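Dropping structure.cif in here (mmCIF, C-alpha atoms):
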```cif
data_query
loop_
_atom_site.label_atom_id
_atom_site.label_comp_id
_atom_site.auth_asym_id
_atom_site.auth_seq_id
_atom_site.Cartn_x
_atom_site.Cartn_y
_atom_site.Cartn_z
CA MET A 1 120.05 79.60 98.20
CA VAL A 2 118.08 81.96 100.46
CA LYS A 3 114.51 82.36 99.26
CA SER A 4 113.17 85.80 98.46
CA ARG A 5 110.27 87.23 100.45
CA TYR A 6 108.06 86.79 97.40
CA ALA A 7 108.93 83.08 97.22
CA LEU A 8 108.33 82.63 100.96
CA ILE A 9 104.89 84.26 100.72
CA LYS A 10 104.09 81.99 97.77
CA ASP A 11 105.04 78.99 99.98
CA ILE A 12 102.72 80.21 102.78
CA LYS A 13 99.82 80.58 100.35
CA GLU A 14 100.44 77.10 98.90
CA TYR A 15 100.60 75.60 102.42
CA ALA A 16 97.25 77.25 103.21
CA VAL A 17 95.62 75.70 100.12
CA THR A 18 97.11 72.23 100.74
CA ASN A 19 96.19 72.19 104.43
CA LYS A 20 92.83 73.95 104.04
CA VAL A 21 93.83 76.88 106.23
CA PRO A 22 91.57 79.88 105.56
CA ILE A 23 93.64 82.97 104.77
CA MET A 24 92.59 86.31 103.33
CA LYS A 25 91.86 86.49 99.62
CA SER A 26 94.30 88.52 97.50
CA GLU A 27 91.82 91.40 97.03
CA GLY A 28 91.25 91.48 100.80
CA ILE A 29 94.98 91.62 101.59
CA ASP A 30 95.47 94.36 98.97
CA PHE A 31 92.66 96.37 100.56
CA LEU A 32 94.04 95.87 104.08
CA THR A 33 97.64 96.78 103.25
CA THR A 34 96.58 99.82 101.18
CA PHE A 35 94.37 100.94 104.10
CA ILE A 36 97.31 100.63 106.52
CA ILE A 37 99.56 102.71 104.28
CA LYS A 38 96.87 105.36 103.63
CA HIS A 39 96.01 105.79 107.32
CA GLN A 40 99.64 105.52 108.53
CA ILE A 41 98.79 102.66 110.89
CA THR A 42 101.73 101.64 113.11
CA THR A 43 100.12 99.33 115.70
CA VAL A 44 97.77 96.42 114.96
CA LEU A 45 96.03 93.89 117.21
CA GLU A 46 94.98 90.84 115.18
CA ILE A 47 92.42 88.32 116.43
CA GLY A 48 93.13 85.06 114.59
CA THR A 49 96.72 84.54 113.40
CA ALA A 50 96.15 81.28 111.50
CA ILE A 51 99.60 80.66 109.89
CA GLY A 52 100.73 84.29 110.06
CA TYR A 53 99.95 85.32 106.47
CA SER A 54 97.96 88.49 107.15
CA ALA A 55 100.26 89.58 110.02
CA ILE A 56 103.26 89.19 107.70
CA MET A 57 101.61 91.09 104.85
CA MET A 58 100.64 93.93 107.21
CA ALA A 59 104.17 94.14 108.64
CA LEU A 60 105.73 94.17 105.17
CA CYS A 61 103.70 97.16 104.00
CA ASN A 62 105.07 99.48 106.69
CA PRO A 63 108.57 99.04 108.18
CA ASN A 64 107.46 100.84 111.37
CA LEU A 65 104.38 98.68 111.95
CA LYS A 66 104.13 96.31 114.93
CA VAL A 67 101.53 93.53 115.15
CA THR A 68 100.28 91.63 118.20
CA THR A 69 98.36 88.56 117.07
CA ILE A 70 96.39 85.86 118.93
CA GLU A 71 95.86 82.24 117.84
CA ARG A 72 94.31 79.34 119.77
CA ASP A 73 95.09 76.46 117.36
CA GLU A 74 98.48 75.03 118.33
CA GLU A 75 99.36 73.61 114.91
CA ARG A 76 98.62 76.91 113.16
CA TYR A 77 100.38 78.90 115.89
CA LEU A 78 103.58 76.82 115.47
CA GLU A 79 103.40 77.20 111.68
CA ALA A 80 102.98 80.97 112.13
CA ILE A 81 106.11 81.11 114.32
CA LYS A 82 108.08 79.32 111.58
CA ASN A 83 106.78 81.62 108.86
CA ILE A 84 107.47 84.81 110.83
CA LYS A 85 111.03 83.63 111.57
CA LYS A 86 111.64 82.85 107.90
CA MET A 87 110.50 86.37 107.05
CA GLN A 88 112.75 87.78 109.83
CA LEU A 89 109.84 89.67 111.38
CA GLU A 90 110.07 88.35 114.97
CA ASP A 91 110.99 91.82 116.24
CA ARG A 92 107.77 93.31 114.83
CA ILE A 93 105.19 90.53 115.16
CA THR A 94 104.31 89.28 118.66
CA LEU A 95 102.41 85.97 118.76
CA ILE A 96 100.14 84.95 121.63
CA PHE A 97 99.03 81.32 121.90
CA ASN A 98 95.64 81.47 123.62
CA ASP A 99 91.89 81.64 123.11
CA ALA A 100 91.26 85.31 122.28
CA LEU A 101 88.15 85.37 124.50
CA LYS A 102 90.36 84.42 127.47
CA THR A 103 93.09 86.91 126.59
CA ARG A 104 93.49 90.38 128.07
CA ILE A 105 95.71 92.80 126.20
CA GLU A 106 97.30 95.96 127.56
CA GLY A 107 97.97 99.05 125.50
CA LYS A 108 96.22 100.85 122.66
CA TYR A 109 96.24 100.09 118.94
CA ASP A 110 95.54 102.10 115.79
CA LEU A 111 93.81 99.11 114.19
CA ILE A 112 92.15 95.92 115.43
CA PHE A 113 91.75 93.23 112.79
CA ILE A 114 89.19 90.50 113.49
CA ASP A 115 89.60 87.33 111.43
CA ALA A 116 88.77 84.47 113.78
CA ALA A 117 85.70 82.36 114.69
CA LYS A 118 82.91 84.20 112.85
CA ALA A 119 80.23 83.29 115.39
CA GLN A 120 82.19 85.18 118.08
CA ASN A 121 82.65 88.51 116.24
CA ILE A 122 80.44 90.54 118.59
CA LYS A 123 82.28 89.15 121.63
CA PHE A 124 85.68 89.90 120.06
CA PHE A 125 84.57 93.44 119.19
CA GLU A 126 83.22 94.18 122.68
CA LEU A 127 86.22 92.62 124.44
CA PHE A 128 88.98 94.38 122.51
CA GLU A 129 87.49 97.76 121.60
CA ARG A 130 88.92 99.10 124.88
CA ASN A 131 92.34 98.60 123.24
CA LEU A 132 91.48 100.91 120.33
CA ILE A 133 92.66 104.53 120.16
CA GLU A 134 90.18 107.38 119.59
CA GLY A 135 89.60 107.60 115.84
CA GLY A 136 91.05 104.09 115.37
CA PHE A 137 89.63 101.32 113.19
CA ILE A 138 88.22 97.83 113.68
CA ILE A 139 88.35 95.80 110.46
CA THR A 140 86.50 92.49 110.16
CA ASP A 141 86.98 89.97 107.33
CA ASN A 142 84.53 87.38 105.91
CA MET A 143 81.38 89.46 106.23
CA TYR A 144 79.84 87.54 103.33
CA PHE A 145 81.05 84.09 104.50
CA HIS A 146 81.70 82.68 101.01
CA GLY A 147 78.63 84.48 99.66
CA LEU A 148 76.26 82.64 102.01
CA VAL A 149 75.22 85.73 104.00
CA ASN A 150 73.41 87.09 100.94
CA LYS A 151 71.66 83.76 100.25
CA ASN A 152 68.26 82.58 101.39
CA GLU A 153 68.91 80.62 104.61
CA LYS A 154 66.61 77.85 103.42
CA GLU A 155 69.12 77.11 100.63
CA ILE A 156 71.86 76.37 103.19
CA LYS A 157 71.64 72.67 104.02
CA SER A 158 74.08 72.54 106.95
CA ARG A 159 72.50 73.55 110.25
CA ASN A 160 75.92 74.54 111.60
CA VAL A 161 76.63 76.81 108.61
CA ARG A 162 73.14 78.35 108.93
CA GLY A 163 73.98 79.17 112.54
CA ILE A 164 77.23 80.91 111.55
CA VAL A 165 75.45 82.89 108.81
CA ARG A 166 72.83 84.03 111.36
CA LYS A 167 75.60 85.15 113.74
CA ILE A 168 77.29 87.16 110.98
CA LYS A 169 73.95 88.83 110.16
CA ASP A 170 73.59 89.67 113.86
CA TYR A 171 77.11 91.15 113.79
CA ILE A 172 76.28 93.29 110.74
CA ALA A 173 73.20 94.62 112.59
CA PHE A 174 75.36 95.20 115.70
CA LEU A 175 77.85 97.27 113.67
CA LYS A 176 75.18 99.31 111.90
CA ASN A 177 73.43 100.11 115.20
CA ASN A 178 76.62 100.96 117.10
CA ASP A 179 76.56 104.74 117.57
CA ASN A 180 80.21 104.87 118.64
CA TYR A 181 81.44 103.82 115.18
CA ASN A 182 80.92 104.64 111.53
CA THR A 183 80.86 101.32 109.67
CA THR A 184 81.16 100.63 105.95
CA ILE A 185 81.05 97.12 104.47
CA TYR A 186 83.11 96.83 101.29
CA ASP A 187 82.30 94.38 98.52
CA ILE A 188 85.90 93.19 98.39
CA GLY A 189 87.24 89.65 98.79
CA ASP A 190 84.78 87.87 101.10
CA GLY A 191 83.34 91.15 102.38
CA ILE A 192 85.27 93.53 104.66
CA ALA A 193 83.77 95.75 107.36
CA VAL A 194 85.62 98.91 108.40
CA SER A 195 84.38 100.45 111.64
CA GLU A 196 85.91 103.83 112.50
CA LYS A 197 85.69 104.85 116.14
CA LYS A 198 84.16 108.28 116.50
CA THR A 199 86.23 110.85 118.36
CA LYS A 200 84.64 112.40 121.43
CA GLY A 201 82.49 115.31 120.37
CA GLY A 202 83.10 114.36 116.72
CA ALA A 203 80.78 112.97 114.08
#
```

Represent the structure from my file as structure tokens, please.
Amino acid sequence: MVKSRYALIKDIKEYAVTNKVPIMKSEGIDFLTTFIIKHQITTVLEIGTAIGYSAIMMALCNPNLKVTTIERDEERYLEAIKNIKKMQLEDRITLIFNDALKTRIEGKYDLIFIDAAKAQNIKFFELFERNLIEGGFIITDNMYFHGLVNKNEKEIKSRNVRGIVRKIKDYIAFLKNNDNYNTTIYDIGDGIAVSEKKTKGGA
């Protein structure tokens, strides 16, 4: 019996839990897909495929949407290929196996979605914003990093985690001080930043 799309998505979510693959929380995915529908997004560049969950959910919410997505972890990349094939979305989701910081993308996108190594967010933003259309959006997930960004750093025992939290705080400051974008951070899922690129001569 051929599995329904709902059952296949359930399998992907269960695989993520079993194999400790970080994927977007349900509230975050709901926000992202609703945003795509509302703003009639048709082209997305995703930094951080993982196992393809968010790319699939984005593609499913708009039959005209095309996603280009980059992943550097081979195991996750191969799992993403399998999942996208099962969902029959190979014609609308293009996977790139590479380190995003070493990848150059041609073309312009309505939306850039950053959900990769949190410590590199500023670099990802600066590298790929040239691929964003005027008035387009850059959305970044995990702005709260499991609630740790709003904690006193002294309470965080791991030096490595403290370093990531500091980098996310730097990224938040970078977004707020970036005059080319209007940024709002939403208290949804693990914190989602939406940065809208200002149009030339516009507010």

Next item on the list: Report as a ChimeraX atom specification the residues that result from applying the PyMOL selection byres ((chain A and resi 76-84) around 7) to the structure here.
Entry: /A:50-52,56,71,73-75,85-90,97

Next item on the list: Would you write out, as an NGL selection string, every residue that the PyMOL selection byres ((chain A and resi 116-119) around 6) captures in this file?
Entry: :A and (47-48 or 115 or 120-121 or 164 or 167)

Notebook entry, point to check: Just how far from atom CA of A:Asp11 is atom CA of A:Ile37, in Å to one decimal?
Noted result: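 So the answer is 24.7 Å.
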
Checklist line | Gap from atom CA of A:Thr34 to atom CA of A:Asn19 - Å, one decimal | finding: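 Taking atom CA of A:Thr34 and atom CA of A:Asn19, their separation equals 27.8 Å.
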
Note to self: Counting only C-alpha atoms, which residue out of A:Asn64, A:Thr43, A:Ile188, A:Arg5 sits closest to A:Ser26?
What the structure shows: A:Ile188

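With distances restricted to all atoms listed in the file, A:Asp190 is the closest residue to A:Ile23 from A:Asp190, A:Lys176, A:Lys102, A:Lys108.
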
Selection result for the PyMOL selection byres ((chain A and resi 111) around 6) on this file, as a short mmCIF file (atom, residue, chain, number, x, y, z; two decimals) with C-alpha atoms, keeping the file's coordinate frame:
```cif
data_model
loop_
_atom_site.label_atom_id
_atom_site.label_comp_id
_atom_site.auth_asym_id
_atom_site.auth_seq_id
_atom_site.Cartn_x
_atom_site.Cartn_y
_atom_site.Cartn_z
CA VAL A 44 97.77 96.42 114.96
CA TYR A 109 96.24 100.09 118.94
CA ASP A 110 95.54 102.10 115.79
CA ILE A 112 92.15 95.92 115.43
CA GLY A 136 91.05 104.09 115.37
CA PHE A 137 89.63 101.32 113.19
CA ILE A 138 88.22 97.83 113.68
#
```

Item checked: atom CA of A:Ile114 to atom CA of A:Ala100, straight-line distance in Å ->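 So the answer is 10.4 Å.
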